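Q: Pasting a structure here, questions to come.
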Amino acid sequence: MVALNGRDLLSLADLSSTELQELLQLATQLKSQKLKLQSNKVLGLLFSKASTRTRVSFTVAMYQLGGQVIDLNPNVTQVSRGEPVQDTARVLDRYLDVLAIRTFAQQELETFANYAKIPVINALTDAEHPCQVLADLMTIQECFGSLNGLTLTYVGDGNNVANSLMLGCALAGMNVRIATPEGYEPDPKIVEQARSLANNQTEVLLTHDPELAAKEAAVLYTDVWASMGQEAEADDRLPIFQAYQISEQLLSLADPQAIVLHCLPAHRGEEITEAVIEGSQSRVWDQAENRMHAQKALLASILGAQ
Ligand code: CP
Ligand code: NVA
């Protein structure tokens with residue numbers, strides 16, 4: 001079994017290609033097989049942003065592994081009253097076995113990981129959403145049998161999900177095309193990192209042309225036009241992003257066997273149409289289910305299972 005013993009997962013780039021492949025294989029196995037942790041372990045969830053899927057899938061995954069979960073809502077801990085991250089991290093380290101954090105700045109997550117000796121998992125930051133992309137790649141592998149050489153096209157905002165998709169696709173040997181409006185491109189440092197991981201073997205393409213990006217793609221992917229923390233900009237973004245919607249017309253340009261993914265929650269009529277999300281090529285519910293299997297594999301591999 002893939003051994004990430006005691007390691008952090010702050011970015012998808014923390015995994016090698018082999019580790020990623022092994023994790024996806026374990027996740028697929030865990031869809032039908034039971035696995036238990038070697039000893040009773042406790043996962044803390046410290047989420048400063050809303051969450052349905054990540055919170056529930058981590059909780060159920062940990063219960064099914066025989067572990068326990070504490071939901072550390074910042075509003076009922078001293079975190080919301082300004083206790084320094086360095087102090088919170090060193091205290092939680094003494095109680096918990098693993099900590100999943102959802103927050104704003106990647107830097108805050110990194111500070112947590114520096115001060116806590118226990119493994120820290122990125123459950124979404126403004127920069128990345130690695131657990132989401134583990135489930136996305138698992139879903140694509142289920143649909144197509146393998147990942148190598150496939151093309152994934154992401155249309156919309158160059159956000160945390162887009163950043164992690166670039167890294168995940170590069171590690172998995174997939175081509176990735178990111179189509180955004182001008183000024184909404186993904187993080188240039190992560191683009192560079194993804195290109196270096198792709199090592200000229202696969203394409204990491206940025207474009208402002210969604211139709212060009214969608215042509216013959218195996219996977220069309222989108223996410224909200226305004227992420228958590230950007231609510232104040234949401235209305236101003238609507239006209240800028242109009243052309244970046246996954247519609248039946250855009251989907252008709254992709255490979256006829258293409259699948260459509262969305263990390264959810266979705267805004268029907270904005271980044272995706274009702275017809276596409278509810279259509280025959282949509283795999284969004286399998287994708288959401290796979291969050292649980294992928295995170296179970298991650299926890300088992302970090303904590304040790306038998
Ligand atoms: N996709 C995702 O992370 O969903 P939640 O925000 O509901 O956890
Ligand atoms: N980009 C979105 C993803 C939500 C799962 C956000 O950060 O709000």
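Lettering and numbering for the structure tokens are positional, with chains as A, B, ... in the shown order, residues counted from 1 in each chain, and ligands counted from 1 in the shown order.
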Step by step, measure atom-to-atom distances between ligand 1 and each residue using only C-alpha atoms and all ligand atoms, keep those at most 12 Å, then write them as a compact mmCIF listing (two decimals) with all heavy atoms, in the first residue's frame.

A:
# COMPACT_ATOMS: atom_id res chain seq x y z
N LEU A 45 -11.02 18.64 12.20
CA LEU A 45 -11.40 19.43 11.03
C LEU A 45 -11.48 20.88 11.45
O LEU A 45 -12.36 21.25 12.23
CB LEU A 45 -12.78 18.99 10.50
CG LEU A 45 -12.95 17.55 10.04
CD1 LEU A 45 -14.41 17.31 9.61
CD2 LEU A 45 -12.02 17.23 8.87
N PHE A 47 -12.16 24.24 9.90
CA PHE A 47 -12.64 24.82 8.65
C PHE A 47 -13.10 26.26 8.89
O PHE A 47 -14.07 26.49 9.61
CB PHE A 47 -13.83 24.01 8.11
CG PHE A 47 -13.46 22.72 7.41
CD1 PHE A 47 -12.25 22.08 7.64
CD2 PHE A 47 -14.33 22.14 6.50
CE1 PHE A 47 -11.91 20.89 6.99
CE2 PHE A 47 -14.01 20.96 5.83
CZ PHE A 47 -12.80 20.33 6.09
N SER A 48 -12.41 27.22 8.26
CA SER A 48 -12.80 28.63 8.37
C SER A 48 -13.72 29.06 7.23
O SER A 48 -14.02 30.25 7.11
CB SER A 48 -11.57 29.53 8.37
OG SER A 48 -10.74 29.19 9.43
N LYS A 49 -14.07 28.13 6.34
CA LYS A 49 -15.01 28.43 5.25
C LYS A 49 -16.07 27.33 5.27
O LYS A 49 -15.80 26.23 5.77
CB LYS A 49 -14.31 28.40 3.90
CG LYS A 49 -13.29 29.51 3.66
CD LYS A 49 -12.62 29.29 2.30
CE LYS A 49 -11.66 30.40 1.96
NZ LYS A 49 -10.93 30.13 0.71
N ALA A 50 -17.21 27.60 4.64
CA ALA A 50 -18.30 26.62 4.58
C ALA A 50 -17.85 25.36 3.85
O ALA A 50 -16.93 25.41 3.02
CB ALA A 50 -19.49 27.24 3.86
N SER A 51 -18.50 24.25 4.14
CA SER A 51 -18.22 23.00 3.43
C SER A 51 -19.33 21.99 3.67
O SER A 51 -19.74 21.79 4.81
CB SER A 51 -16.89 22.40 3.90
OG SER A 51 -16.74 21.10 3.38
N THR A 52 -19.78 21.36 2.62
CA THR A 52 -20.68 20.20 2.75
C THR A 52 -19.89 18.93 2.46
O THR A 52 -19.71 18.07 3.32
CB THR A 52 -21.86 20.32 1.76
OG1 THR A 52 -22.59 21.50 2.08
CG2 THR A 52 -22.79 19.11 1.85
N ARG A 53 -19.40 18.81 1.21
CA ARG A 53 -18.75 17.59 0.76
C ARG A 53 -17.49 17.25 1.55
O ARG A 53 -17.31 16.12 2.02
CB ARG A 53 -18.35 17.68 -0.73
CG ARG A 53 -19.49 17.42 -1.68
CD ARG A 53 -19.37 18.30 -2.89
NE ARG A 53 -19.69 19.65 -2.50
CZ ARG A 53 -20.93 20.17 -2.55
NH1 ARG A 53 -21.89 19.46 -3.06
NH2 ARG A 53 -21.18 21.39 -2.13
N THR A 54 -16.60 18.23 1.70
CA THR A 54 -15.30 17.93 2.30
C THR A 54 -15.48 17.54 3.76
O THR A 54 -14.89 16.57 4.24
CB THR A 54 -14.38 19.15 2.14
OG1 THR A 54 -14.44 19.57 0.78
CG2 THR A 54 -12.95 18.83 2.53
N ARG A 55 -16.33 18.28 4.46
CA ARG A 55 -16.56 18.02 5.88
C ARG A 55 -17.17 16.61 6.08
O ARG A 55 -16.69 15.82 6.86
CB ARG A 55 -17.54 19.07 6.43
CG ARG A 55 -17.81 18.95 7.91
CD ARG A 55 -18.98 19.85 8.29
NE ARG A 55 -18.80 21.26 7.96
CZ ARG A 55 -18.01 22.10 8.64
NH1 ARG A 55 -17.35 21.68 9.68
NH2 ARG A 55 -17.90 23.34 8.27
N VAL A 56 -18.23 16.33 5.30
CA VAL A 56 -18.94 15.06 5.52
C VAL A 56 -18.12 13.88 4.99
O VAL A 56 -18.05 12.83 5.64
CB VAL A 56 -20.35 15.11 4.89
CG1 VAL A 56 -21.09 13.80 5.10
CG2 VAL A 56 -21.15 16.27 5.50
N SER A 57 -17.47 14.04 3.85
CA SER A 57 -16.72 12.91 3.29
C SER A 57 -15.51 12.58 4.15
O SER A 57 -15.19 11.40 4.35
CB SER A 57 -16.33 13.18 1.83
OG SER A 57 -15.57 14.35 1.71
N PHE A 58 -14.82 13.58 4.70
CA PHE A 58 -13.71 13.30 5.63
C PHE A 58 -14.24 12.59 6.88
O PHE A 58 -13.62 11.65 7.39
CB PHE A 58 -12.99 14.58 6.05
CG PHE A 58 -11.70 14.82 5.31
CD1 PHE A 58 -11.53 15.96 4.52
CD2 PHE A 58 -10.65 13.93 5.41
CE1 PHE A 58 -10.34 16.18 3.84
CE2 PHE A 58 -9.45 14.15 4.73
CZ PHE A 58 -9.30 15.28 3.94
N THR A 59 -15.38 13.05 7.39
CA THR A 59 -15.92 12.48 8.63
C THR A 59 -16.31 11.02 8.41
O THR A 59 -15.90 10.14 9.18
CB THR A 59 -17.14 13.32 9.09
OG1 THR A 59 -16.72 14.67 9.22
CG2 THR A 59 -17.70 12.82 10.41
N ALA A 100 -7.14 18.34 9.25
CA ALA A 100 -7.50 18.85 7.92
C ALA A 100 -7.96 20.30 8.09
O ALA A 100 -8.82 20.58 8.92
CB ALA A 100 -8.59 18.01 7.28
N ILE A 101 -7.38 21.20 7.30
CA ILE A 101 -7.64 22.64 7.46
C ILE A 101 -8.22 23.22 6.18
O ILE A 101 -7.70 22.97 5.08
CB ILE A 101 -6.34 23.38 7.82
CG1 ILE A 101 -5.80 22.86 9.17
CG2 ILE A 101 -6.54 24.89 7.86
CD1 ILE A 101 -4.51 23.50 9.60
N ARG A 102 -9.29 24.00 6.32
CA ARG A 102 -9.84 24.78 5.21
C ARG A 102 -9.74 26.24 5.61
O ARG A 102 -10.33 26.66 6.60
CB ARG A 102 -11.29 24.38 4.93
CG ARG A 102 -11.98 25.29 3.94
CD ARG A 102 -13.31 24.75 3.46
NE ARG A 102 -13.14 23.69 2.50
CZ ARG A 102 -14.05 23.34 1.58
NH1 ARG A 102 -15.19 23.99 1.51
NH2 ARG A 102 -13.82 22.36 0.74
N THR A 103 -8.97 26.99 4.84
CA THR A 103 -8.78 28.40 5.20
C THR A 103 -8.55 29.25 3.96
O THR A 103 -8.74 28.79 2.83
CB THR A 103 -7.62 28.52 6.22
OG1 THR A 103 -7.63 29.84 6.75
CG2 THR A 103 -6.26 28.21 5.63
N ASN A 122 -4.49 19.81 3.37
CA ASN A 122 -5.17 20.98 2.80
C ASN A 122 -6.58 20.57 2.37
O ASN A 122 -6.76 19.83 1.41
CB ASN A 122 -4.36 21.48 1.58
CG ASN A 122 -4.98 22.71 0.95
OD1 ASN A 122 -6.12 23.07 1.25
ND2 ASN A 122 -4.24 23.36 0.06
N ALA A 123 -7.58 21.08 3.09
CA ALA A 123 -8.98 20.80 2.75
C ALA A 123 -9.57 21.95 1.95
O ALA A 123 -10.79 22.09 1.88
CB ALA A 123 -9.78 20.56 4.02
N LEU A 124 -8.76 22.78 1.36
CA LEU A 124 -9.04 23.92 0.47
C LEU A 124 -8.45 25.19 1.06
O LEU A 124 -8.68 25.52 2.23
CB LEU A 124 -10.54 24.13 0.21
CG LEU A 124 -10.97 25.29 -0.72
CD1 LEU A 124 -12.23 24.94 -1.50
CD2 LEU A 124 -11.18 26.60 0.03
N THR A 125 -7.67 25.85 0.23
CA THR A 125 -7.21 27.22 0.52
C THR A 125 -7.54 28.05 -0.72
O THR A 125 -8.01 27.51 -1.73
CB THR A 125 -5.69 27.28 0.75
OG1 THR A 125 -5.05 26.80 -0.44
CG2 THR A 125 -5.26 26.47 1.95
N ASP A 126 -7.22 29.34 -0.67
CA ASP A 126 -7.41 30.18 -1.86
C ASP A 126 -6.53 29.68 -3.01
O ASP A 126 -6.84 29.92 -4.18
CB ASP A 126 -7.04 31.64 -1.55
CG ASP A 126 -8.03 32.27 -0.58
OD1 ASP A 126 -9.12 31.71 -0.38
OD2 ASP A 126 -7.69 33.34 0.00
N GLU A 128 -5.21 26.29 -3.45
CA GLU A 128 -5.31 24.89 -3.91
C GLU A 128 -6.45 24.13 -3.27
O GLU A 128 -6.90 24.46 -2.17
CB GLU A 128 -4.00 24.16 -3.61
CG GLU A 128 -2.98 24.32 -4.71
CD GLU A 128 -2.02 23.14 -4.75
OE1 GLU A 128 -2.47 22.00 -4.90
OE2 GLU A 128 -0.82 23.39 -4.59
N HIS A 129 -6.85 23.05 -3.96
CA HIS A 129 -7.87 22.12 -3.42
C HIS A 129 -7.44 20.69 -3.80
O HIS A 129 -8.08 20.02 -4.61
CB HIS A 129 -9.24 22.48 -4.01
CG HIS A 129 -10.40 21.91 -3.25
ND1 HIS A 129 -10.25 21.10 -2.13
CD2 HIS A 129 -11.74 22.01 -3.46
CE1 HIS A 129 -11.44 20.76 -1.70
NE2 HIS A 129 -12.36 21.29 -2.48
N PRO A 130 -6.35 20.22 -3.21
CA PRO A 130 -5.78 18.93 -3.64
C PRO A 130 -6.70 17.73 -3.42
O PRO A 130 -6.73 16.82 -4.26
CB PRO A 130 -4.50 18.79 -2.81
CG PRO A 130 -4.59 19.79 -1.72
CD PRO A 130 -5.51 20.87 -2.19
N CYS A 131 -7.47 17.72 -2.33
CA CYS A 131 -8.34 16.55 -2.07
C CYS A 131 -9.42 16.44 -3.14
O CYS A 131 -9.82 15.35 -3.53
CB CYS A 131 -8.99 16.66 -0.68
SG CYS A 131 -7.78 16.56 0.64
N GLN A 132 -9.90 17.59 -3.61
CA GLN A 132 -10.89 17.60 -4.70
C GLN A 132 -10.30 16.92 -5.94
O GLN A 132 -10.94 16.07 -6.58
CB GLN A 132 -11.27 19.05 -5.03
CG GLN A 132 -12.21 19.19 -6.20
CD GLN A 132 -13.59 18.60 -5.90
OE1 GLN A 132 -14.18 18.93 -4.90
NE2 GLN A 132 -14.08 17.73 -6.77
N VAL A 133 -9.08 17.28 -6.26
CA VAL A 133 -8.50 16.79 -7.51
C VAL A 133 -8.13 15.30 -7.41
O VAL A 133 -8.18 14.58 -8.42
CB VAL A 133 -7.34 17.71 -7.95
CG1 VAL A 133 -6.57 17.12 -9.11
CG2 VAL A 133 -7.92 19.07 -8.34
N LEU A 134 -7.85 14.81 -6.22
CA LEU A 134 -7.66 13.35 -6.07
C LEU A 134 -8.94 12.64 -6.52
O LEU A 134 -8.90 11.66 -7.27
CB LEU A 134 -7.35 12.98 -4.61
CG LEU A 134 -5.97 13.34 -4.08
CD1 LEU A 134 -5.87 12.93 -2.60
CD2 LEU A 134 -4.87 12.68 -4.90
N ALA A 135 -10.09 13.13 -6.04
CA ALA A 135 -11.38 12.52 -6.42
C ALA A 135 -11.68 12.72 -7.91
O ALA A 135 -12.24 11.84 -8.56
CB ALA A 135 -12.50 13.11 -5.57
N ASP A 136 -11.29 13.87 -8.45
CA ASP A 136 -11.54 14.14 -9.87
C ASP A 136 -10.77 13.14 -10.75
O ASP A 136 -11.32 12.56 -11.68
CB ASP A 136 -11.09 15.57 -10.24
CG ASP A 136 -11.82 16.63 -9.42
OD1 ASP A 136 -12.88 16.32 -8.86
OD2 ASP A 136 -11.29 17.76 -9.34
N ASN A 160 -8.44 28.12 -7.09
CA ASN A 160 -7.81 27.01 -6.36
C ASN A 160 -7.98 25.66 -7.08
O ASN A 160 -7.04 24.87 -7.18
CB ASN A 160 -8.36 26.94 -4.92
CG ASN A 160 -9.87 27.17 -4.81
OD1 ASN A 160 -10.58 27.15 -5.81
ND2 ASN A 160 -10.35 27.39 -3.60
N VAL A 161 -9.19 25.42 -7.60
CA VAL A 161 -9.45 24.13 -8.25
C VAL A 161 -8.64 24.05 -9.56
O VAL A 161 -8.01 23.02 -9.85
CB VAL A 161 -10.97 23.95 -8.49
CG1 VAL A 161 -11.27 22.76 -9.37
CG2 VAL A 161 -11.69 23.82 -7.15
N THR A 222 -15.68 22.68 -14.79
CA THR A 222 -15.82 24.08 -14.39
C THR A 222 -16.08 24.19 -12.89
O THR A 222 -16.28 23.19 -12.19
CB THR A 222 -16.92 24.80 -15.19
OG1 THR A 222 -16.83 26.21 -14.94
CG2 THR A 222 -18.31 24.32 -14.82
N ASP A 223 -16.02 25.40 -12.40
CA ASP A 223 -16.24 25.72 -10.99
C ASP A 223 -16.87 27.11 -10.96
O ASP A 223 -16.93 27.81 -11.99
CB ASP A 223 -14.88 25.69 -10.24
CG ASP A 223 -15.00 25.95 -8.75
OD1 ASP A 223 -16.12 25.85 -8.20
OD2 ASP A 223 -13.97 26.25 -8.11
N VAL A 224 -17.29 27.53 -9.78
CA VAL A 224 -17.97 28.83 -9.64
C VAL A 224 -17.10 29.98 -10.16
O VAL A 224 -15.88 29.90 -10.14
CB VAL A 224 -18.33 29.10 -8.16
CG1 VAL A 224 -19.43 28.18 -7.71
CG2 VAL A 224 -17.11 28.99 -7.25
N SER A 227 -15.28 32.54 -5.95
CA SER A 227 -15.06 31.56 -4.88
C SER A 227 -15.39 32.14 -3.52
O SER A 227 -15.63 33.35 -3.39
CB SER A 227 -13.58 31.13 -4.91
OG SER A 227 -13.35 30.28 -6.00
N MET A 228 -15.35 31.28 -2.52
CA MET A 228 -15.59 31.74 -1.15
C MET A 228 -14.54 32.80 -0.79
O MET A 228 -13.35 32.59 -1.05
CB MET A 228 -15.51 30.55 -0.17
CG MET A 228 -16.69 29.61 -0.33
SD MET A 228 -16.65 28.24 0.84
CE MET A 228 -15.53 27.10 0.00
N LEU A 261 -17.36 17.45 -15.48
CA LEU A 261 -17.15 17.45 -14.03
C LEU A 261 -17.33 18.86 -13.48
O LEU A 261 -17.09 19.85 -14.17
CB LEU A 261 -15.74 16.94 -13.69
CG LEU A 261 -15.39 15.51 -14.11
CD1 LEU A 261 -13.96 15.17 -13.69
CD2 LEU A 261 -16.37 14.48 -13.54
N HIS A 262 -17.73 18.92 -12.21
CA HIS A 262 -17.85 20.19 -11.47
C HIS A 262 -17.62 19.82 -10.02
O HIS A 262 -18.22 18.86 -9.52
CB HIS A 262 -19.25 20.78 -11.69
CG HIS A 262 -19.43 22.18 -11.17
ND1 HIS A 262 -19.06 22.55 -9.89
CD2 HIS A 262 -19.96 23.29 -11.75
CE1 HIS A 262 -19.35 23.83 -9.71
NE2 HIS A 262 -19.88 24.31 -10.83
N CYS A 263 -16.79 20.58 -9.32
CA CYS A 263 -16.47 20.20 -7.93
C CYS A 263 -17.67 20.39 -7.00
O CYS A 263 -17.73 19.79 -5.94
CB CYS A 263 -15.27 20.99 -7.43
SG CYS A 263 -15.51 22.77 -7.52
N LEU A 264 -18.63 21.24 -7.40
CA LEU A 264 -19.82 21.58 -6.62
C LEU A 264 -19.42 22.39 -5.38
O LEU A 264 -18.33 22.18 -4.87
CB LEU A 264 -20.62 20.34 -6.22
CG LEU A 264 -21.06 19.41 -7.36
CD1 LEU A 264 -21.77 18.18 -6.77
CD2 LEU A 264 -21.98 20.13 -8.34
N PRO A 265 -20.24 23.29 -4.86
CA PRO A 265 -21.59 23.59 -5.32
C PRO A 265 -21.60 24.33 -6.67
O PRO A 265 -20.67 25.08 -6.96
CB PRO A 265 -22.14 24.48 -4.20
CG PRO A 265 -20.95 25.09 -3.54
CD PRO A 265 -19.84 24.10 -3.67
N ALA A 266 -22.69 24.09 -7.45
CA ALA A 266 -22.80 24.67 -8.79
C ALA A 266 -23.84 25.78 -8.82
O ALA A 266 -24.80 25.75 -8.06
CB ALA A 266 -23.21 23.57 -9.77
N VAL A 284 -20.99 14.33 -12.18
CA VAL A 284 -20.73 15.11 -10.97
C VAL A 284 -21.10 14.37 -9.67
O VAL A 284 -20.49 14.59 -8.64
CB VAL A 284 -21.40 16.50 -10.99
CG1 VAL A 284 -20.90 17.34 -12.16
CG2 VAL A 284 -22.90 16.40 -11.01
N TRP A 285 -22.08 13.45 -9.75
CA TRP A 285 -22.47 12.77 -8.49
C TRP A 285 -21.46 11.68 -8.15
O TRP A 285 -21.13 11.48 -6.97
CB TRP A 285 -23.91 12.23 -8.58
CG TRP A 285 -24.84 13.28 -9.15
CD1 TRP A 285 -25.56 13.19 -10.30
CD2 TRP A 285 -25.06 14.61 -8.64
NE1 TRP A 285 -26.22 14.38 -10.53
CE2 TRP A 285 -25.94 15.26 -9.53
CE3 TRP A 285 -24.60 15.32 -7.52
CZ2 TRP A 285 -26.37 16.57 -9.34
CZ3 TRP A 285 -25.03 16.63 -7.34
CH2 TRP A 285 -25.90 17.24 -8.23
N GLN A 287 -18.37 11.90 -8.97
CA GLN A 287 -17.23 12.72 -8.57
C GLN A 287 -17.36 13.10 -7.09
O GLN A 287 -16.40 12.98 -6.32
CB GLN A 287 -17.21 13.96 -9.46
CG GLN A 287 -16.11 14.94 -9.22
CD GLN A 287 -16.33 16.23 -10.03
OE1 GLN A 287 -17.39 16.43 -10.66
NE2 GLN A 287 -15.34 17.09 -10.03
N ALA A 288 -18.56 13.53 -6.69
CA ALA A 288 -18.77 13.91 -5.28
C ALA A 288 -18.61 12.68 -4.37
O ALA A 288 -17.98 12.76 -3.32
CB ALA A 288 -20.15 14.54 -5.11
N GLU A 289 -19.15 11.54 -4.78
CA GLU A 289 -18.99 10.32 -3.97
C GLU A 289 -17.52 9.98 -3.81
O GLU A 289 -17.06 9.60 -2.72
CB GLU A 289 -19.71 9.13 -4.64
CG GLU A 289 -19.47 7.84 -3.85
CD GLU A 289 -19.99 6.56 -4.49
OE1 GLU A 289 -20.95 6.62 -5.27
OE2 GLU A 289 -19.42 5.50 -4.18
N ASN A 290 -16.76 10.14 -4.87
CA ASN A 290 -15.35 9.73 -4.84
C ASN A 290 -14.50 10.56 -3.88
O ASN A 290 -13.41 10.15 -3.51
CB ASN A 290 -14.78 9.73 -6.26
CG ASN A 290 -15.28 8.53 -7.05
OD1 ASN A 290 -15.72 7.54 -6.47
ND2 ASN A 290 -15.22 8.62 -8.37
N ARG A 291 -15.00 11.73 -3.47
CA ARG A 291 -14.29 12.50 -2.44
C ARG A 291 -14.03 11.59 -1.23
O ARG A 291 -12.96 11.62 -0.62
CB ARG A 291 -15.11 13.72 -1.99
CG ARG A 291 -15.36 14.78 -3.06
CD ARG A 291 -14.08 15.47 -3.46
NE ARG A 291 -13.36 16.01 -2.32
CZ ARG A 291 -13.61 17.19 -1.72
NH1 ARG A 291 -14.54 17.97 -2.20
NH2 ARG A 291 -12.88 17.61 -0.70
N MET A 292 -15.05 10.82 -0.85
CA MET A 292 -14.95 10.00 0.35
C MET A 292 -13.92 8.87 0.17
O MET A 292 -13.10 8.63 1.04
CB MET A 292 -16.32 9.41 0.66
CG MET A 292 -16.38 8.68 1.96
SD MET A 292 -18.06 8.27 2.37
CE MET A 292 -18.45 7.05 1.14
N GLN A 295 -10.30 10.38 -0.06
CA GLN A 295 -9.80 10.86 1.24
C GLN A 295 -9.57 9.71 2.21
O GLN A 295 -8.68 9.77 3.06
CB GLN A 295 -10.74 11.91 1.82
CG GLN A 295 -10.56 13.23 1.08
CD GLN A 295 -11.77 14.11 1.08
OE1 GLN A 295 -11.94 14.89 0.18
NE2 GLN A 295 -12.63 14.00 2.06

Q: Find the residues around A:Glu110 up to 9 Å (only C-alpha atoms counted), leave out those fewer than 4 positions away in its own chain, and share them as a count of residues only.

A: 6

Q: Write out as a VMD selection string which residues come within 8 Å of stretch 189-191 of chain A when counting only C-alpha atoms, dropping same-chain ones fewer than 4 positions away.

A: chain A and resid 163 166 to 167 195 204

Q: Write out as an MDAnalysis selection string all residues of stretch 128-249 of chain A that DSSP puts in helix (DSSP H, G or I) for this structure's backbone.

A: chainID A and resid 130:144 160:172 188:198 210:214 231:244 248:249

Q: Pick out the residues sitting within 8 Å of A:Phe112, and hand them over as a ChimeraX atom specification; count only C-alpha atoms, and ignore anything fewer than 3 positions along from it in its own chain.

A: /A:85-86,89,108-109,115-116,120

Q: Show which residues sit within 7 Å of A:Val69, as an MDAnalysis selection string. Count only C-alpha atoms, and ignore same-chain residues fewer than 6 positions away.

A: chainID A and resid 42:44 59 62

Q: Measuring between only C-alpha atoms, which one of A:Thr151, A:Gln245, A:Ser252, A:Asn199 shows the shortest distance to A:His267?

A: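 Of A:Thr151, A:Gln245, A:Ser252, A:Asn199, the one nearest A:His267 is A:Gln245, counting only C-alpha atoms.
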